[in-house]
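First comes the structure, then the notes that go with it.
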Amino acid sequence: MAPISIRAVLISESVDPRCRAILEENGIRVTEKTSMKKDELIAEIKDYDGLVVRSATKVTADVINAANNLKIIGRAGTGVDNVDVDAATKKGIIVMNTPSGNTISAAELTCALLMSLSRNVPQAAMSMKQGNWDRKKFMGAELFGKVLGIVGLGRIGKEVASRMQSFGMKTIGYDPITPPEVSASWGVEQMSLEQLWPQCDYITVHTPLMPSTVGLLNDETFAKCKKGVKVVNCARGGIIDEAALLRALESGQCGGAGLDVFVEEPPKDRSLVDHPNVISCPHLGASTKEAQARCGEDIALQIVDMVKGKKLVGAVNAQVLASTFSQESHQLIKLGEAVGAVLRSCSASKKPFSRVQIATKGDCMESCTGYMTSAVLVGLLSQDSGCCLNFINVLNLAKDTGIMVNQAHYVSDGAAEGVCKVELVADGCSFKASGSVHGGIPVLLELSDSVYRQPVALTGNLLFFKASASPQLLSSVAGLLAAEGVQIQSFSAPADGTGDLWFCVGVSSLLRDLSALKPLVKDAAQLSI
């Protein structure tokens with residue numbers, strides 16, 4: 001993958017000063033403009049390669065479509081639900097967050113709310129400020145021996161579990177991704193949600209906000225819980241259905257709630273905030289000096305590491321790029337893009353494409369199939385997409401244009417180097433190519449059953465033509481090219497000399513018009529790599 005150039009970054013919210021300092025120390029120009037309205041952000045964003053936000057800036061499709069130069073959106077914090085990730089992906093923009101920056105702070109606030117719910121600490125403190133001394137009113141309960149259900153066993157869920165186990169709580173949980181044996185190693189027994197709800201004295205949620213988690217706790221699930229269950233949400237507003245929570249509080253089915261997040265922030269409907277059994281905070285999960293310093297510093301370092309080609313951390317829509325930072329991967333990516341470009345040129349008259357099969361072979365290619373697929377598709381589709389095509393959006397574009405993409409890896413058959421084989425089906429016709437890397441240079445080994453005597457270096461100006469082998473073929477083509485002012489620099493012929501074959505000629509410049517070759521060949525294609 002070519003290095004990503006980030007020259008100017010806009011910071012649209014208040015972040016730790018270290019963020020700006022780190023970016024500027026690495027030659028990136030930084031502008032800070034906070035509290036912008038949507039129209040102001042749309043007008044401003046066109047001048048920047050990068051955007052750094054927290055949670056208040058809504059990076060909508062309108063903003064993204066106005067950002068002609070934008071290459072990265074960095075969220076200084078966890079979660080990216082204030083960013084239209086789909087719109088960014090379609091435009092080839094990396095969306096990045098700092099997954100561990102506020103883990104400890106969010107976990108500690110969750111624990112503080114759990115303890116406050118058990119002992120009515122905020123209510124008692126407020127009563128004291130009002131001049132009261134009411135010990136009986138604020139009778140609480142011990143956490144020791146109680147069951148805590150943790151829905152979402154990622155970084156924050158894990159940290160909450162370890163802390164609450166110190167109070168003698170039994171921790172159970174649910175997570176569709178974390179393996180049960182992993183969570184068991186830090187003392188959390190995993191089970192289904194149907195098994196979890198009835199066992200819990202306390203429930204805390206730590207999931208992203210997505211269609212499958214909206215309203216995860218609702219009228220139906222509250223009815224399955226113990227009467228008086230207490231709940232905490234320091235994750236995202238909407239995971240707990242707010243109307244259902246209010247009904248459960250009024251009926252006593254829910255004994256109390258600790259809320260740091262709301263569907264609407266700040267909430268205009270104060271029913272939950274004003275409820276006597278609700279402890280609420282104004283989204284303070286990441287509001288510690290340490291978390292803000294960590295998130296601001298982390299997002300800056302992640303951007304710098306990516307620009308310098310060191311590594312990619314925290315990308316939520318570009319995981320395929322994470323393994324593309326080695327010199328070996330750069331060579332393989334060039335191979336994939338070149339093979340894709342050759343097939344694009346040779347099949348130019350046979351569109352639309354309907355299917356692409358990419359297969360890698362050899363031990364050294366085992367971990368490369370993902371990014372090799374993207375590389376081939378970039379080479380294949382780059383001139384026809386009408387947009388800036390890259391590894392981030394190419395799979396989506398292929399899907400949107402109706403191209404079926406298959407990928408596979410095969411074990412080595414003894415060959416030392418890895419091989420990439422591609423088959424393209426276009427307008428009912430099949431085109432095949434295979435290539436490898438020799439001495440750091442991508443080479444073509446075969447094109448549609450024409451296996452070359454010597455690998456064809458995929459560099460410079462290349463002219464491919466399909467014809468039957470004959471003693472006069474090369475001299476005739478050379479004469480025609482010379483008449484067009486084009487010199488032959490190399491010639492590659494297939495090993496098998498029978499039938500219609502694909503020949504390759506390295507030339508000093510591309511022909512102005514391929515039709516000049518029509519009297520001599522059955523098909524022709526040219527490209528510059």
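As shown in the structure tokens, the chain order sets the letters A, B, ...; within each chain, residues go from 1, and ligands are also counted from 1 in the order they appear.
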
Quick one: DSSP strand (DSSP E or B) residues in range 113-340 of chain A, as a PyMOL selection string?
chain A and resi 147-151+170-174+189-190+202-205+217+229-233+240+254-259+278-280+315

How about saving the chosen residues, N, CA, C and O atoms kept, as a short mmCIF file (atom, residue, chain, number, x, y, z; two decimals), in the first residue's frame?
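Output saved as again_31.cif:
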```cif
data_model
loop_
_atom_site.label_atom_id
_atom_site.label_comp_id
_atom_site.auth_asym_id
_atom_site.auth_seq_id
_atom_site.Cartn_x
_atom_site.Cartn_y
_atom_site.Cartn_z
N VAL A 147 -24.86 -11.03 42.63
CA VAL A 147 -24.51 -11.45 41.27
C VAL A 147 -24.53 -10.23 40.35
O VAL A 147 -25.54 -9.53 40.26
N LEU A 148 -23.41 -10.00 39.67
CA LEU A 148 -23.30 -8.91 38.69
C LEU A 148 -23.28 -9.50 37.29
O LEU A 148 -22.41 -10.31 36.95
N GLY A 149 -24.24 -9.12 36.48
CA GLY A 149 -24.27 -9.53 35.07
C GLY A 149 -23.62 -8.48 34.20
O GLY A 149 -24.02 -7.30 34.22
N ILE A 150 -22.61 -8.87 33.44
CA ILE A 150 -21.87 -7.94 32.58
C ILE A 150 -22.17 -8.29 31.12
O ILE A 150 -21.77 -9.36 30.63
N VAL A 151 -22.90 -7.42 30.45
CA VAL A 151 -23.26 -7.65 29.05
C VAL A 151 -22.26 -6.89 28.19
O VAL A 151 -22.30 -5.67 28.09
N LYS A 170 -20.21 -12.15 42.57
CA LYS A 170 -20.10 -13.20 41.56
C LYS A 170 -20.36 -12.55 40.21
O LYS A 170 -21.38 -11.88 40.01
N THR A 171 -19.45 -12.74 39.26
CA THR A 171 -19.58 -12.10 37.95
C THR A 171 -19.94 -13.12 36.88
O THR A 171 -19.24 -14.12 36.70
N ILE A 172 -21.05 -12.86 36.21
CA ILE A 172 -21.45 -13.66 35.06
C ILE A 172 -21.59 -12.71 33.88
O ILE A 172 -21.66 -11.48 34.05
N GLY A 173 -21.62 -13.23 32.66
CA GLY A 173 -21.65 -12.31 31.53
C GLY A 173 -22.06 -12.94 30.23
O GLY A 173 -22.25 -14.17 30.12
N TYR A 174 -22.18 -12.06 29.25
CA TYR A 174 -22.53 -12.48 27.88
C TYR A 174 -21.72 -11.65 26.91
O TYR A 174 -21.58 -10.43 27.07
N GLU A 189 -18.20 -16.17 34.26
CA GLU A 189 -18.87 -17.32 33.64
C GLU A 189 -19.81 -16.80 32.55
O GLU A 189 -20.71 -16.02 32.83
N GLN A 190 -19.58 -17.24 31.32
CA GLN A 190 -20.44 -16.80 30.22
C GLN A 190 -21.67 -17.68 30.09
O GLN A 190 -21.62 -18.89 30.34
N TYR A 202 -27.45 -7.13 39.90
CA TYR A 202 -27.02 -5.92 39.21
C TYR A 202 -26.67 -6.29 37.77
O TYR A 202 -26.15 -7.38 37.51
N ILE A 203 -26.94 -5.38 36.84
CA ILE A 203 -26.59 -5.58 35.43
C ILE A 203 -25.89 -4.33 34.93
O ILE A 203 -26.36 -3.21 35.16
N THR A 204 -24.76 -4.50 34.25
CA THR A 204 -24.09 -3.38 33.61
C THR A 204 -23.83 -3.73 32.15
O THR A 204 -23.50 -4.87 31.82
N VAL A 205 -24.02 -2.75 31.26
CA VAL A 205 -23.88 -3.01 29.81
C VAL A 205 -22.63 -2.31 29.29
O VAL A 205 -22.34 -1.17 29.64
N LEU A 217 -32.10 -4.02 26.91
CA LEU A 217 -32.92 -4.13 28.11
C LEU A 217 -34.23 -3.38 27.83
O LEU A 217 -34.24 -2.16 27.65
N VAL A 229 -33.96 -5.55 40.47
CA VAL A 229 -32.64 -5.54 39.84
C VAL A 229 -32.19 -4.10 39.61
O VAL A 229 -32.99 -3.21 39.29
N LYS A 230 -30.90 -3.86 39.77
CA LYS A 230 -30.34 -2.52 39.54
C LYS A 230 -29.46 -2.57 38.28
O LYS A 230 -28.75 -3.56 38.06
N VAL A 231 -29.53 -1.51 37.48
CA VAL A 231 -28.84 -1.51 36.18
C VAL A 231 -27.95 -0.28 36.05
O VAL A 231 -28.25 0.79 36.62
N VAL A 232 -26.87 -0.45 35.27
CA VAL A 232 -25.93 0.65 35.02
C VAL A 232 -25.64 0.70 33.52
O VAL A 232 -25.43 -0.34 32.88
N ASN A 233 -25.61 1.90 32.98
CA ASN A 233 -25.23 2.09 31.57
C ASN A 233 -24.22 3.23 31.48
O ASN A 233 -24.56 4.40 31.61
N ILE A 240 -30.20 0.52 26.86
CA ILE A 240 -31.34 0.31 27.74
C ILE A 240 -32.49 1.18 27.23
O ILE A 240 -32.34 2.39 27.09
N CYS A 254 -37.45 -2.69 38.56
CA CYS A 254 -36.06 -2.21 38.61
C CYS A 254 -35.92 -1.38 39.88
O CYS A 254 -36.68 -0.44 40.11
N GLY A 255 -34.92 -1.73 40.69
CA GLY A 255 -34.75 -1.06 41.98
C GLY A 255 -33.90 0.19 41.91
O GLY A 255 -33.82 0.94 42.90
N GLY A 256 -33.25 0.44 40.81
CA GLY A 256 -32.42 1.64 40.68
C GLY A 256 -31.58 1.57 39.42
O GLY A 256 -31.33 0.49 38.88
N ALA A 257 -31.16 2.75 38.93
CA ALA A 257 -30.37 2.80 37.70
C ALA A 257 -29.28 3.85 37.83
O ALA A 257 -29.51 4.94 38.39
N GLY A 258 -28.12 3.52 37.33
CA GLY A 258 -27.02 4.46 37.22
C GLY A 258 -26.78 4.74 35.76
O GLY A 258 -26.41 3.83 35.01
N LEU A 259 -27.01 5.97 35.35
CA LEU A 259 -26.96 6.31 33.92
C LEU A 259 -25.93 7.41 33.67
O LEU A 259 -26.04 8.51 34.23
N VAL A 278 -32.78 7.01 40.46
CA VAL A 278 -31.82 7.10 39.36
C VAL A 278 -30.66 8.01 39.76
O VAL A 278 -30.87 9.12 40.26
N ILE A 279 -29.46 7.50 39.56
CA ILE A 279 -28.24 8.31 39.72
C ILE A 279 -27.75 8.61 38.31
O ILE A 279 -27.47 7.68 37.54
N SER A 280 -27.65 9.87 37.94
CA SER A 280 -27.27 10.20 36.56
C SER A 280 -26.06 11.12 36.53
O SER A 280 -25.83 11.91 37.45
N ALA A 315 -8.06 1.07 13.69
CA ALA A 315 -8.89 1.29 12.51
C ALA A 315 -10.11 0.38 12.56
O ALA A 315 -9.97 -0.84 12.69
#
```

Would you mind writing down, as a list in words, each residue of range 2-94 of chain A that DSSP on the backbone assigns to helix (DSSP H, G or I)?
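Across range 2-94 of chain A, those assigned helix (DSSP H, G or I) are Pro17, Arg18, Cys19, Arg20, Ala21, Ile22, Leu23, Glu24, Glu25, Lys38, Asp39, Glu40, Leu41, Ile42, Ala43, Glu44, Ile45, Ala61, Asp62, Val63, Ile64, Asn65, Ala66, Val85, Asp86, Ala87, Ala88, Thr89 and Lys90 of chain A.
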
Which residues are near Asp219 in chain A? Cut-off 9 Å, only C-alpha atoms, ignore same chain within fewer than 2 positions. Put them as a list in words.
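Result of the neighbour search: Leu217, Thr221, Phe222, Ala223, Lys224, Asp241, Ala243, Ala244, Leu245, Arg247 and Ala248 of chain A.
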
Considering only C-alpha atoms, return as a list in words whatever protein or nucleic-acid residues lie within 12 Å of Asp513 in chain A, sequence-local ones (same chain, fewer than 4 positions apart) excluded.
Leu463, Leu480, Leu481, Glu484, Val486, Ser509, Leu517, Lys518, Ala524, Ala525 and Gln526 of chain A

Write a file of the just-selected residues containing N, CA and C atoms, as an mmCIF file, in the first residue's frame.
```cif
data_model
loop_
_atom_site.group_PDB
_atom_site.id
_atom_site.type_symbol
_atom_site.label_atom_id
_atom_site.label_comp_id
_atom_site.auth_asym_id
_atom_site.auth_seq_id
_atom_site.Cartn_x
_atom_site.Cartn_y
_atom_site.Cartn_z
ATOM 1 N N LEU A 463 2.914 -4.021 -23.799
ATOM 2 C CA LEU A 463 1.945 -4.275 -24.870
ATOM 3 C C LEU A 463 1.712 -5.782 -24.943
ATOM 4 N N LEU A 480 5.733 -2.561 -37.469
ATOM 5 C CA LEU A 480 4.565 -1.704 -37.271
ATOM 6 C C LEU A 480 4.811 -0.712 -36.128
ATOM 7 N N LEU A 481 5.403 -1.212 -35.033
ATOM 8 C CA LEU A 481 5.685 -0.325 -33.909
ATOM 9 C C LEU A 481 6.690 0.758 -34.296
ATOM 10 N N GLU A 484 5.228 3.569 -35.944
ATOM 11 C CA GLU A 484 4.491 4.438 -35.014
ATOM 12 C C GLU A 484 5.430 5.168 -34.054
ATOM 13 N N VAL A 486 7.556 3.699 -31.941
ATOM 14 C CA VAL A 486 7.650 2.962 -30.686
ATOM 15 C C VAL A 486 8.748 1.909 -30.798
ATOM 16 N N SER A 509 7.049 3.467 -25.406
ATOM 17 C CA SER A 509 5.866 4.283 -25.120
ATOM 18 C C SER A 509 4.641 3.521 -25.605
ATOM 19 N N LEU A 517 -2.680 -2.485 -34.829
ATOM 20 C CA LEU A 517 -2.215 -3.866 -34.767
ATOM 21 C C LEU A 517 -3.211 -4.864 -35.349
ATOM 22 N N LYS A 518 -4.413 -4.426 -35.649
ATOM 23 C CA LYS A 518 -5.476 -5.341 -36.073
ATOM 24 C C LYS A 518 -5.095 -6.271 -37.214
ATOM 25 N N ALA A 524 -5.503 -7.198 -28.568
ATOM 26 C CA ALA A 524 -4.349 -6.457 -28.049
ATOM 27 C C ALA A 524 -4.765 -5.606 -26.870
ATOM 28 N N ALA A 525 -3.809 -5.387 -25.963
ATOM 29 C CA ALA A 525 -4.039 -4.537 -24.790
ATOM 30 C C ALA A 525 -2.712 -3.914 -24.400
ATOM 31 N N GLN A 526 -2.770 -2.759 -23.812
ATOM 32 C CA GLN A 526 -1.546 -2.108 -23.359
ATOM 33 C C GLN A 526 -1.805 -1.369 -22.054
#
```

What separates CA of Lys421 in chain A and CA of Ala359 in chain A is a distance of 5.1 Å

Measuring between only C-alpha atoms, which one of A:Ser528, A:Asn82, A:Asn132, A:Gln292 shows the shortest distance to Met210 in chain A?
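Selected residue with least distance to Met210 in chain A: A:Asn82.
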
So that I can check the surroundings of range 403-407 of chain A, please list as number ranges by chain every protein, DNA and RNA residue that reaches within 12 Å of it, counting only C-alpha atoms and ignoring chain neighbours fewer than 4 positions away.
A: 351-361, 366, 368-374, 376-377, 380-381, 394-399, 420-427

Check the smallest atom-to-atom distance from each of A:Glu264, A:Ile488, A:Val9, A:Ala493 to Tyr452 in chain A using only C-alpha atoms, then report the winner.
A:Ala493

With distances taken over only C-alpha atoms, which of A:Gly79, A:Pro471, A:Gly460, A:Gly362 is nearest to Glu417 in chain A?
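Among the listed residues, A:Gly362 lies closest to Glu417 in chain A.
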
A:Ala341, A:Val313, A:Val53, A:Cys200 ranked by distance to Leu301 in chain A, top pick (using only C-alpha atoms):
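With only C-alpha atoms as the atom set, the closest residue is A:Val313.
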
Please, what distance in Å, to one decimal, runs between CA of Met128 in chain A and CA of Cys281 in chain A?
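Answer for the CA of Met128 in chain A to CA of Cys281 in chain A separation: 19.7 Å.
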
If we count only C-alpha atoms and set the cut-off at 6 Å, which residues sit around Ala467 in chain A, ignoring sequence neighbours fewer than 3 positions away in its own chain? Please answer as an MDAnalysis selection string.
chainID A and resid 500:501 521:522

Export of the given selection (N, CA and C atoms) as a PDB file, in the first residue's frame:
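So the final result, stored in result-v4.pdb, reads:
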```
ATOM      1  N   ASP A 500      -3.636 -19.946 -30.360  1.00  0.00           N
ATOM      2  CA  ASP A 500      -3.598 -18.509 -30.111  1.00  0.00           C
ATOM      3  C   ASP A 500      -2.992 -18.259 -28.740  1.00  0.00           C
ATOM      4  N   LEU A 501      -1.959 -17.433 -28.693  1.00  0.00           N
ATOM      5  CA  LEU A 501      -1.201 -17.203 -27.471  1.00  0.00           C
ATOM      6  C   LEU A 501      -1.099 -15.706 -27.179  1.00  0.00           C
ATOM      7  N   VAL A 521      -2.844  -9.162 -35.360  1.00  0.00           N
ATOM      8  CA  VAL A 521      -3.182  -9.898 -34.141  1.00  0.00           C
ATOM      9  C   VAL A 521      -4.691 -10.019 -33.983  1.00  0.00           C
ATOM     10  N   LYS A 522      -5.099 -10.937 -33.097  1.00  0.00           N
ATOM     11  CA  LYS A 522      -6.534 -11.146 -32.861  1.00  0.00           C
ATOM     12  C   LYS A 522      -7.061 -10.292 -31.711  1.00  0.00           C
TER      13      LYS A 522
END
```

Could you tell me which of A:Glu25, A:Ser367, A:Ala482, A:Val456 comes closest to Gly418 in chain A if we count only C-alpha atoms?
A:Ser367

Residues within 9 Å of Lys90 in chain A, only C-alpha atoms, excluding chain neighbours under 2 positions, as a ChimeraX atom specification
/A:85-88,92-93,392-394,396-397
